[in-house]
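Structure file input34.cif; described as mmCIF, C-alpha atoms and all ligand atoms.
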```cif
data_coords
#
loop_
_atom_site.label_atom_id
_atom_site.label_comp_id
_atom_site.auth_asym_id
_atom_site.auth_seq_id
_atom_site.Cartn_x
_atom_site.Cartn_y
_atom_site.Cartn_z
CA MET A 1 11.51 -0.31 -3.77
CA ASP A 2 12.20 -2.95 -1.11
CA ARG A 3 14.02 -0.55 1.21
CA CYS A 4 12.32 1.83 3.61
CA ASN A 5 13.34 4.72 5.85
CA PHE A 6 10.77 3.67 8.48
CA ARG A 7 10.49 0.49 10.51
CA CYS A 8 6.77 0.33 11.24
CA PRO A 9 6.44 -2.68 13.59
CA TYR A 10 3.37 -3.95 11.71
CA CYS A 11 5.30 -4.04 8.45
CA MET A 12 9.10 -4.04 8.84
CA PRO A 13 9.84 -4.70 12.51
CA LYS A 14 13.31 -3.53 13.53
CA GLU A 15 14.35 -6.85 15.02
CA THR A 16 14.17 -8.42 11.54
CA PHE A 17 14.95 -5.47 9.28
CA HIS A 18 18.10 -4.38 11.11
CA GLU A 19 21.29 -2.86 9.69
CA HIS A 20 22.58 -6.24 8.52
CA TYR A 21 19.40 -7.26 6.75
CA ARG A 22 20.13 -8.09 3.14
CA PHE A 23 18.00 -5.88 0.93
CA LEU A 24 18.26 -6.14 -2.85
CA LYS A 25 21.33 -4.77 -4.57
CA THR A 26 20.76 -2.08 -7.18
CA ASN A 27 21.28 -4.44 -10.12
CA GLU A 28 18.87 -6.97 -8.60
CA ARG A 29 16.04 -4.42 -8.77
CA LEU A 30 14.27 -3.93 -12.05
CA SER A 31 15.54 -0.86 -13.86
CA PHE A 32 13.08 1.87 -14.87
CA GLU A 33 13.38 0.62 -18.43
CA GLU A 34 12.47 -2.92 -17.34
CA ILE A 35 9.56 -1.71 -15.20
CA THR A 36 8.25 0.35 -18.10
CA ARG A 37 8.51 -2.54 -20.55
CA LEU A 38 6.71 -4.93 -18.20
CA THR A 39 4.04 -2.31 -17.53
CA ARG A 40 3.46 -1.97 -21.27
CA LEU A 41 2.95 -5.74 -21.48
CA PHE A 42 0.54 -5.72 -18.53
CA VAL A 43 -1.36 -2.92 -20.25
CA ASP A 44 -1.57 -5.03 -23.41
CA LEU A 45 -3.26 -7.66 -21.22
CA GLY A 46 -5.82 -5.22 -19.81
CA VAL A 47 -4.21 -3.38 -16.91
CA ARG A 48 -5.28 0.27 -16.75
CA LYS A 49 -4.12 1.40 -13.34
CA VAL A 50 -0.58 1.33 -11.94
CA ARG A 51 0.52 2.00 -8.37
CA LEU A 52 4.11 2.60 -7.26
CA THR A 53 4.70 1.44 -3.71
CA GLY A 54 7.22 -0.41 -1.57
CA GLY A 55 9.03 -0.21 0.87
CA GLU A 56 9.36 3.48 0.33
CA PRO A 57 9.15 4.37 -3.36
CA LEU A 58 10.61 7.86 -2.90
CA LEU A 59 13.90 6.23 -1.87
CA ARG A 60 14.33 5.20 -5.49
CA PRO A 61 16.52 7.93 -7.05
CA ASN A 62 14.77 9.98 -9.76
CA LEU A 63 11.42 8.27 -9.21
CA ALA A 64 9.68 11.10 -11.06
CA GLU A 65 11.37 9.91 -14.27
CA LEU A 66 9.66 6.55 -13.92
CA VAL A 67 6.36 8.31 -13.28
CA GLY A 68 6.90 10.24 -16.52
CA GLU A 69 7.55 7.04 -18.47
CA LEU A 70 4.54 5.23 -17.03
CA THR A 71 2.07 8.08 -17.48
CA ALA A 72 3.20 8.40 -21.11
CA LEU A 73 2.33 4.75 -21.88
CA GLU A 74 -0.69 4.44 -24.12
CA GLY A 75 -3.53 2.70 -22.29
CA VAL A 76 -2.42 3.67 -18.77
CA GLN A 77 -5.32 5.63 -17.30
CA ASP A 78 -4.08 6.15 -13.79
CA VAL A 79 -0.70 6.16 -12.04
CA ALA A 80 -0.78 6.34 -8.25
CA LEU A 81 1.89 6.43 -5.55
CA THR A 82 1.79 5.30 -1.92
CA THR A 83 4.40 6.91 0.32
CA ASN A 84 5.25 7.63 3.95
CA ALA A 85 5.76 11.24 2.73
CA VAL A 86 8.97 11.95 4.61
CA LEU A 87 10.58 12.90 1.28
CA LEU A 88 7.42 14.17 -0.35
CA ALA A 89 7.93 17.92 0.13
CA GLN A 90 11.05 17.83 -2.04
CA HIS A 91 9.54 15.65 -4.78
CA ALA A 92 5.84 16.57 -5.05
CA ALA A 93 6.16 19.31 -7.67
CA GLN A 94 8.34 17.19 -9.98
CA LEU A 95 6.06 14.17 -9.61
CA LYS A 96 3.10 16.32 -10.58
CA ALA A 97 5.01 17.88 -13.48
CA ASN A 98 5.80 14.37 -14.76
CA GLY A 99 2.15 13.36 -14.81
CA LEU A 100 1.29 12.00 -11.35
CA GLN A 101 -2.29 13.03 -10.56
CA ARG A 102 -2.91 11.77 -7.07
CA ILE A 103 -1.12 10.40 -4.04
CA THR A 104 -1.71 8.23 -0.97
CA VAL A 105 0.15 9.05 2.23
CA SER A 106 0.43 6.74 5.22
CA LEU A 107 -0.18 8.52 8.51
CA ASP A 108 -1.32 6.41 11.44
CA SER A 109 -1.85 9.06 14.10
CA PRO A 110 -1.85 12.86 14.44
CA ASP A 111 -0.14 12.44 17.82
CA PRO A 112 3.60 13.04 17.19
CA GLU A 113 4.74 10.52 19.82
CA ILE A 114 2.40 7.72 18.78
CA PHE A 115 3.16 8.33 15.11
CA LYS A 116 6.88 8.18 15.80
CA GLN A 117 6.50 4.97 17.78
CA MET A 118 4.44 3.41 14.96
CA SER A 119 7.21 4.15 12.46
CA GLY A 120 9.83 2.43 14.59
CA GLY A 121 11.13 5.79 15.83
CA PHE A 122 11.79 7.42 12.46
CA ALA A 123 8.73 9.53 11.63
CA GLU A 124 8.60 13.27 12.18
CA LEU A 125 4.96 14.30 12.03
CA ASP A 126 5.81 17.84 10.90
CA ARG A 127 7.73 16.60 7.86
CA VAL A 128 4.87 14.37 6.80
CA LEU A 129 2.34 17.20 7.26
CA GLU A 130 4.61 19.49 5.26
CA GLY A 131 4.81 16.86 2.51
CA ILE A 132 1.00 16.69 2.40
CA GLN A 133 0.78 20.48 2.25
CA VAL A 134 3.28 20.72 -0.62
CA ALA A 135 1.38 17.95 -2.44
CA ILE A 136 -1.85 19.97 -2.14
CA VAL A 137 -0.16 23.14 -3.39
CA SER A 138 1.45 21.17 -6.25
CA GLY A 139 -2.03 20.19 -7.43
CA LEU A 140 -1.97 16.47 -6.58
CA ALA A 141 -5.57 15.40 -6.00
CA PRO A 142 -7.16 13.54 -4.45
CA ILE A 143 -4.78 13.09 -1.54
CA LYS A 144 -5.70 10.08 0.53
CA ILE A 145 -4.34 9.15 3.94
CA ASN A 146 -3.98 5.51 4.94
CA ALA A 147 -4.08 4.86 8.67
CA VAL A 148 -3.52 1.37 10.05
CA ILE A 149 -5.45 1.14 13.30
CA GLN A 150 -4.31 -1.18 16.07
CA ARG A 151 -6.20 -1.68 19.29
CA GLY A 152 -4.33 -0.33 22.27
CA VAL A 153 -1.77 1.40 20.05
CA ASN A 154 -3.44 4.22 18.10
CA ASP A 155 -7.18 3.50 18.11
CA HIS A 156 -7.74 6.23 20.69
CA THR A 157 -6.37 8.85 18.25
CA ALA A 158 -8.49 7.80 15.22
CA LEU A 159 -11.13 10.49 15.81
CA ASP A 160 -8.41 13.14 16.15
CA LEU A 161 -7.14 12.10 12.73
CA VAL A 162 -10.63 12.52 11.28
CA GLU A 163 -11.01 15.92 12.95
CA ARG A 164 -7.65 17.13 11.64
CA PHE A 165 -8.56 16.53 7.98
CA ARG A 166 -12.35 17.04 7.99
CA GLY A 167 -13.21 19.89 5.65
CA SER A 168 -9.84 19.69 3.85
CA PRO A 169 -9.13 18.13 0.43
CA VAL A 170 -7.59 15.12 2.20
CA ILE A 171 -9.57 11.83 2.49
CA VAL A 172 -8.70 9.66 5.49
CA ARG A 173 -9.03 5.88 5.07
CA PHE A 174 -8.74 3.43 7.91
CA ILE A 175 -7.11 0.07 7.22
CA GLU A 176 -7.70 -2.95 9.42
CA TYR A 177 -4.43 -4.31 10.74
CA MET A 178 -3.61 -7.31 8.53
CA ASP A 179 -1.65 -10.52 8.99
CA VAL A 180 0.62 -9.81 6.05
CA GLY A 181 3.99 -11.54 6.11
CA ASN A 182 5.13 -13.56 9.11
CA ARG A 183 7.09 -11.10 11.11
CA ASN A 184 4.71 -8.59 12.60
CA HIS A 185 3.34 -10.83 15.41
CA TRP A 186 -0.21 -10.19 14.21
CA SER A 187 -3.09 -11.15 16.47
CA LEU A 188 -6.80 -10.77 15.91
CA ASP A 189 -7.37 -8.94 19.18
CA ARG A 190 -5.23 -6.07 17.85
CA VAL A 191 -7.63 -5.61 14.90
CA VAL A 192 -10.23 -2.86 15.27
CA PRO A 193 -13.15 -3.86 13.02
CA SER A 194 -14.12 -1.09 10.58
CA ARG A 195 -17.72 -1.37 11.75
CA GLU A 196 -16.75 -0.47 15.31
CA LEU A 197 -14.65 2.49 14.18
CA MET A 198 -17.33 3.70 11.78
CA GLU A 199 -19.91 3.69 14.58
CA ARG A 200 -17.61 5.69 16.85
CA ILE A 201 -17.02 8.28 14.14
CA ASN A 202 -20.70 8.31 13.16
CA SER A 203 -21.79 9.12 16.70
CA ARG A 204 -19.55 12.21 16.68
CA TRP A 205 -20.02 13.31 13.04
CA PRO A 206 -23.02 11.57 11.40
CA LEU A 207 -22.13 9.71 8.22
CA HIS A 208 -23.93 8.18 5.26
CA ALA A 209 -22.67 5.51 2.86
CA VAL A 210 -21.51 6.61 -0.59
CA GLN A 211 -21.54 4.47 -3.77
CA GLU A 212 -18.22 2.94 -4.81
CA ASN A 213 -16.30 4.90 -7.47
CA TYR A 214 -15.74 1.75 -9.51
CA HIS A 215 -16.34 -2.00 -9.24
CA GLY A 216 -13.80 -3.57 -6.89
CA GLU A 217 -12.88 -0.39 -5.00
CA VAL A 218 -11.27 -1.65 -1.80
CA ALA A 219 -12.42 1.18 0.48
CA GLU A 220 -16.02 1.48 1.62
CA ARG A 221 -16.82 5.17 1.44
CA TYR A 222 -18.83 7.29 3.87
CA ALA A 223 -19.56 11.03 3.60
CA PHE A 224 -20.20 13.40 6.49
CA ASP A 225 -23.84 14.49 6.63
CA ASP A 226 -22.69 18.09 7.10
CA GLY A 227 -20.89 18.05 3.73
CA LEU A 228 -17.37 18.32 5.14
CA GLY A 229 -15.89 15.52 3.03
CA GLU A 230 -15.66 11.75 3.25
CA ILE A 231 -13.73 8.92 4.88
CA GLY A 232 -13.09 5.31 3.89
CA PHE A 233 -12.64 1.89 5.50
CA ILE A 234 -10.54 -0.94 4.13
CA SER A 235 -11.72 -4.10 5.87
CA SER A 236 -9.57 -6.88 4.56
CA VAL A 237 -9.95 -8.85 7.81
CA THR A 238 -13.65 -8.44 8.72
CA ASN A 239 -15.05 -8.01 5.22
CA PRO A 240 -12.68 -9.58 2.67
CA PHE A 241 -12.96 -8.43 -0.92
CA CYS A 242 -11.05 -11.25 -2.66
CA GLY A 243 -13.91 -11.86 -5.09
CA ALA A 244 -13.55 -8.40 -6.61
CA CYS A 245 -9.74 -8.23 -6.44
CA SER A 246 -8.03 -7.69 -9.78
CA ARG A 247 -4.60 -6.65 -8.49
CA ALA A 248 -1.35 -8.08 -9.74
CA ARG A 249 1.77 -7.20 -7.76
CA LEU A 250 5.29 -6.96 -9.08
CA SER A 251 8.16 -6.99 -6.60
CA SER A 252 11.19 -4.78 -6.94
CA GLU A 253 13.16 -7.71 -8.35
CA GLY A 254 10.50 -8.59 -10.90
CA VAL A 255 8.53 -11.42 -9.29
CA LEU A 256 4.83 -11.41 -10.11
CA TYR A 257 2.44 -12.15 -7.23
CA THR A 258 -1.29 -12.42 -7.65
CA CYS A 259 -2.15 -11.94 -3.96
CA LEU A 260 -0.94 -9.79 -1.08
CA PHE A 261 -0.78 -12.97 1.00
CA ALA A 262 0.97 -15.06 -1.64
CA THR A 263 3.55 -17.67 -0.78
CA GLU A 264 5.13 -17.80 -4.20
CA GLY A 265 5.29 -15.86 -7.43
CA VAL A 266 6.54 -16.05 -11.00
CA ASP A 267 9.95 -14.65 -11.83
CA LEU A 268 9.73 -12.29 -14.80
CA ARG A 269 13.21 -10.80 -14.42
CA ALA A 270 15.13 -13.91 -15.48
CA PRO A 271 13.35 -14.33 -18.83
CA LEU A 272 13.35 -10.56 -19.33
CA ARG A 273 17.11 -10.41 -18.90
CA ALA A 274 17.64 -13.59 -20.95
CA GLY A 275 16.09 -11.87 -23.96
CA ALA A 276 12.48 -13.14 -23.91
CA SER A 277 10.22 -11.59 -26.52
CA ASP A 278 7.16 -9.51 -25.66
CA ASP A 279 4.96 -12.44 -26.68
CA GLU A 280 6.80 -14.83 -24.37
CA LEU A 281 6.57 -12.45 -21.42
CA ARG A 282 2.88 -11.73 -22.06
CA ALA A 283 2.24 -15.49 -22.13
CA LEU A 284 3.97 -15.96 -18.77
CA ILE A 285 1.95 -13.15 -17.19
CA ALA A 286 -1.34 -14.34 -18.68
CA ASP A 287 -0.70 -17.93 -17.62
CA SER A 288 0.00 -16.91 -14.04
CA TRP A 289 -3.16 -14.78 -13.99
CA HIS A 290 -5.36 -17.52 -15.42
CA ARG A 291 -4.13 -20.03 -12.86
CA ARG A 292 -4.91 -17.63 -10.04
CA GLU A 293 -7.10 -19.01 -7.25
CA ASP A 294 -6.13 -16.63 -4.46
CA ARG A 295 -8.70 -15.91 -1.79
CA TYR A 296 -6.60 -15.86 1.34
CA SER A 297 -8.59 -13.20 3.18
CA GLU A 298 -11.80 -15.14 2.71
CA GLN A 299 -10.17 -18.32 3.98
CA ARG A 300 -8.21 -16.72 6.83
CA ALA A 301 -10.58 -17.81 9.56
CA SER A 302 -10.70 -21.43 8.45
CA LEU A 303 -6.98 -21.87 7.76
CA SER A 304 -4.89 -23.12 10.60
CA ARG A 305 -1.27 -22.05 10.77
CA THR A 306 -0.11 -25.43 9.55
CA GLU A 307 -2.38 -25.31 6.51
CA HIS A 308 -0.96 -21.96 5.47
CA PRO A 309 2.81 -22.15 5.25
CA LEU A 310 4.78 -19.62 7.25
CA ARG A 311 6.28 -18.20 4.11
CA LYS A 312 3.92 -15.42 3.13
CA ILE A 313 5.50 -12.58 1.21
CA GLU A 314 6.27 -9.57 3.39
CA MET A 315 4.29 -6.36 2.85
CA TYR A 316 7.33 -4.17 2.24
CA TYR A 317 8.27 -6.47 -0.64
CA ILE A 318 5.10 -6.07 -2.69
CA GLY A 319 3.48 -2.95 -1.24
CA GLY A 320 0.04 -2.43 0.23
C1 LIG B 1 3.75 -1.33 2.68
S1 LIG B 1 3.40 0.40 2.61
C2 LIG B 1 4.39 0.93 1.23
C3 LIG B 1 4.35 2.38 0.88
C4 LIG B 1 4.89 3.38 1.87
N1 LIG B 1 6.09 2.99 2.51
C5 LIG B 1 3.83 3.74 2.88
O1 LIG B 1 3.96 3.37 4.07
O2 LIG B 1 2.87 4.38 2.46
C6 LIG B 1 1.78 0.47 1.90
C7 LIG B 1 0.64 0.50 2.89
O3 LIG B 1 0.58 -0.74 3.55
C8 LIG B 1 0.14 -0.50 4.88
N2 LIG B 1 0.49 -1.65 5.72
C9 LIG B 1 1.72 -2.14 5.99
N3 LIG B 1 1.64 -3.20 6.82
C10 LIG B 1 0.32 -3.38 7.10
C11 LIG B 1 -0.42 -4.30 7.89
N4 LIG B 1 0.18 -5.26 8.59
N5 LIG B 1 -1.76 -4.19 7.92
C12 LIG B 1 -2.40 -3.22 7.22
N6 LIG B 1 -1.77 -2.32 6.44
C13 LIG B 1 -0.42 -2.39 6.39
C14 LIG B 1 0.86 0.75 5.23
O4 LIG B 1 0.28 1.39 6.33
C15 LIG B 1 0.77 1.56 3.97
O5 LIG B 1 -0.37 2.38 3.97
S1 LIG B 2 4.37 0.73 6.13
FE1 LIG B 2 5.51 1.85 4.57
S2 LIG B 2 6.71 3.27 5.81
FE2 LIG B 2 6.08 1.67 7.22
S3 LIG B 2 7.77 0.16 7.19
FE3 LIG B 2 6.20 -0.49 5.70
S4 LIG B 2 6.93 0.27 3.81
FE4 LIG B 2 7.98 1.44 5.40
#
```
Just dump the structure as structure tokens.
Amino acid sequence: MDRCNFRCPYCMPKETFHEHYRFLKTNERLSFEEITRLTRLFVDLGVRKVRLTGGEPLLRPNLAELVGELTALEGVQDVALTTNAVLLAQHAAQLKANGLQRITVSLDSPDPEIFKQMSGGFAELDRVLEGIQVAIVSGLAPIKINAVIQRGVNDHTALDLVERFRGSPVIVRFIEYMDVGNRNHWSLDRVVPSRELMERINSRWPLHAVQENYHGEVAERYAFDDGLGEIGFISSVTNPFCGACSRARLSSEGVLYTCLFATEGVDLRAPLRAGASDDELRALIADSWHRREDRYSEQRASLSRTEHPLRKIEMYYIGG
């Protein structure tokens, strides 16, 4: 879903994504049937894990139906959802009933004012916390929280976020503020390196490193020495993980991107709607994947602005 009910300045700043911004029209977005067919073809090519994201995926009417179709596909081992959770309380039980196992919620600060400010003025902390609570009661597990940390904005509330969820079933993961898209006025001095944050947390609640769950896991995991759970760090800026990245990203309108920082993708919707066969579509996907040379995060430091065109895909368009 390209639309969102928040305007987080680091993702969809209000000055660009205002009321006259042209989002996709309904018929420009892939239908559930089209998404399911393409997913089946990706699965034929080796994909095992699918994540629904956005924009805000819960703005898509009847999203649980899509979850049901995707979880029923043979070969799909894991369907995940990333959401701002404003609408989660009303949808969690149906999502779980249709086969969703786990969920990721974005929550940048436990301070209601800071959280609201970081959503562009739209977030109500209580609604998000209620959504998380209903998700727990509905049996979604694990529940992970993504928090984007920006120096001088919410870094002083990071430990409060840890404290709030320590000892609960919720796993907090800190994401370094990234230079996705071209519209969030990113600057390196706003990035809080994971290492720095980890050391601050470690001096309050001692931590030890935990093995990755699977090869290519993006979060580095640390458990509390006292047994009260774990936290994670996603360090795309200070410790890029391009070499282990096996993610393909499909936009709402059916363009395939092989990197979060891509400048162009391959349109799958046109051939899909023109009647391409499964074989033809699989060949297009495979070809794009085999040509892939993306390693933007590893090159970030050495690329000057002129070397990297100012046309990176925006985060809301292909998800996190
Ligand atoms: C683009 S959102 C889409 C899903 C949903 N709207 C949400 O916020 O969870 C996915 C994730 O990307 C993260 N994100 C967005 N812009 C970012 C940036 N500039 N740097 C780091 N993470 C970012 C968000 O915090 C969120 O956790
Ligand atoms: S981070 Fe998520 S909630 Fe915030 S503007 Fe982007 S898509 Fe919307």
Q. Quick one: distance from atom CA of A:Leu129 to atom CA of A:Ser203 in Å, one decimal?
A.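 Value for the atom CA of A:Leu129-atom CA of A:Ser203 distance: 27.1 Å.
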(Q) Could you tell me how far atom CA of A:Gly68 sits from atom CA of A:Glu33, in Å to one decimal place? (A) 11.8 Å
Step by step, gather every atom of ligand LIG 1 (chain B) that the file lists, find the box along x, y and z that holds them, add 3 Å on each side, and finally give centre and edge lengths in Å to one decimal, as lines of an AutoDock Vina configuration file.
```
center_x = 1.8
center_y = -0.4
center_z = 4.7
size_x = 14.5
size_y = 15.6
size_z = 13.7
```
Identify, counting all atoms listed in the file, the protein, DNA and RNA residues located within 7 Å of ligand LIG 1 (chain B), and give them as a PDB file with C-alpha atoms, keeping the file's coordinate frame.
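The resulting file, part_8.pdb, is shown below:
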```pdb
ATOM      1  CA  CYS A   4      12.320   1.830   3.610  1.00  0.00           C
ATOM      2  CA  TYR A  10       3.370  -3.950  11.710  1.00  0.00           C
ATOM      3  CA  CYS A  11       5.300  -4.040   8.450  1.00  0.00           C
ATOM      4  CA  THR A  53       4.700   1.440  -3.710  1.00  0.00           C
ATOM      5  CA  GLY A  54       7.220  -0.410  -1.570  1.00  0.00           C
ATOM      6  CA  GLY A  55       9.030  -0.210   0.870  1.00  0.00           C
ATOM      7  CA  GLU A  56       9.360   3.480   0.330  1.00  0.00           C
ATOM      8  CA  PRO A  57       9.150   4.370  -3.360  1.00  0.00           C
ATOM      9  CA  THR A  82       1.790   5.300  -1.920  1.00  0.00           C
ATOM     10  CA  THR A  83       4.400   6.910   0.320  1.00  0.00           C
ATOM     11  CA  ASN A  84       5.250   7.630   3.950  1.00  0.00           C
ATOM     12  CA  THR A 104      -1.710   8.230  -0.970  1.00  0.00           C
ATOM     13  CA  VAL A 105       0.150   9.050   2.230  1.00  0.00           C
ATOM     14  CA  SER A 106       0.430   6.740   5.220  1.00  0.00           C
ATOM     15  CA  ASN A 146      -3.980   5.510   4.940  1.00  0.00           C
ATOM     16  CA  ALA A 147      -4.080   4.860   8.670  1.00  0.00           C
ATOM     17  CA  VAL A 148      -3.520   1.370  10.050  1.00  0.00           C
ATOM     18  CA  ILE A 175      -7.110   0.070   7.220  1.00  0.00           C
ATOM     19  CA  GLU A 176      -7.700  -2.950   9.420  1.00  0.00           C
ATOM     20  CA  TYR A 177      -4.430  -4.310  10.740  1.00  0.00           C
ATOM     21  CA  MET A 178      -3.610  -7.310   8.530  1.00  0.00           C
ATOM     22  CA  ASP A 179      -1.650 -10.520   8.990  1.00  0.00           C
ATOM     23  CA  VAL A 180       0.620  -9.810   6.050  1.00  0.00           C
ATOM     24  CA  ASN A 184       4.710  -8.590  12.600  1.00  0.00           C
ATOM     25  CA  MET A 315       4.290  -6.360   2.850  1.00  0.00           C
ATOM     26  CA  TYR A 316       7.330  -4.170   2.240  1.00  0.00           C
ATOM     27  CA  GLY A 319       3.480  -2.950  -1.240  1.00  0.00           C
ATOM     28  CA  GLY A 320       0.040  -2.430   0.230  1.00  0.00           C
TER      29      GLY A 320
END
```
Q.
Let me make sure I understand: among A:Gly120, A:Cys245, A:Pro271, A:Arg29, which one has the smallest atom-to-atom distance to A:Glu15 if we use all atoms listed in the file?
A. A:Gly120
Q: Extract, using only C-alpha atoms, all DNA, RNA and protein residues at most 8 Å from A:Arg190, discarding same-chain residues fewer than 2 positions from it, and format them as a ChimeraX atom specification.
A: /A:150-152,177,186-188,192
Distance query 9 Å from (0.8, 11.6, -12.9) using only C-alpha atoms, result as an mmCIF file with C-alpha atoms, keeping the file's coordinate frame:
```cif
data_model
loop_
_atom_site.group_PDB
_atom_site.id
_atom_site.type_symbol
_atom_site.label_atom_id
_atom_site.label_comp_id
_atom_site.auth_asym_id
_atom_site.auth_seq_id
_atom_site.Cartn_x
_atom_site.Cartn_y
_atom_site.Cartn_z
ATOM 1 C CA VAL A 67 6.360 8.310 -13.280
ATOM 2 C CA GLY A 68 6.900 10.240 -16.520
ATOM 3 C CA LEU A 70 4.540 5.230 -17.030
ATOM 4 C CA THR A 71 2.070 8.080 -17.480
ATOM 5 C CA ASP A 78 -4.080 6.150 -13.790
ATOM 6 C CA VAL A 79 -0.700 6.160 -12.040
ATOM 7 C CA ALA A 80 -0.780 6.340 -8.250
ATOM 8 C CA LEU A 95 6.060 14.170 -9.610
ATOM 9 C CA LYS A 96 3.100 16.320 -10.580
ATOM 10 C CA ALA A 97 5.010 17.880 -13.480
ATOM 11 C CA ASN A 98 5.800 14.370 -14.760
ATOM 12 C CA GLY A 99 2.150 13.360 -14.810
ATOM 13 C CA LEU A 100 1.290 12.000 -11.350
ATOM 14 C CA GLN A 101 -2.290 13.030 -10.560
ATOM 15 C CA ARG A 102 -2.910 11.770 -7.070
ATOM 16 C CA LEU A 140 -1.970 16.470 -6.580
#
```
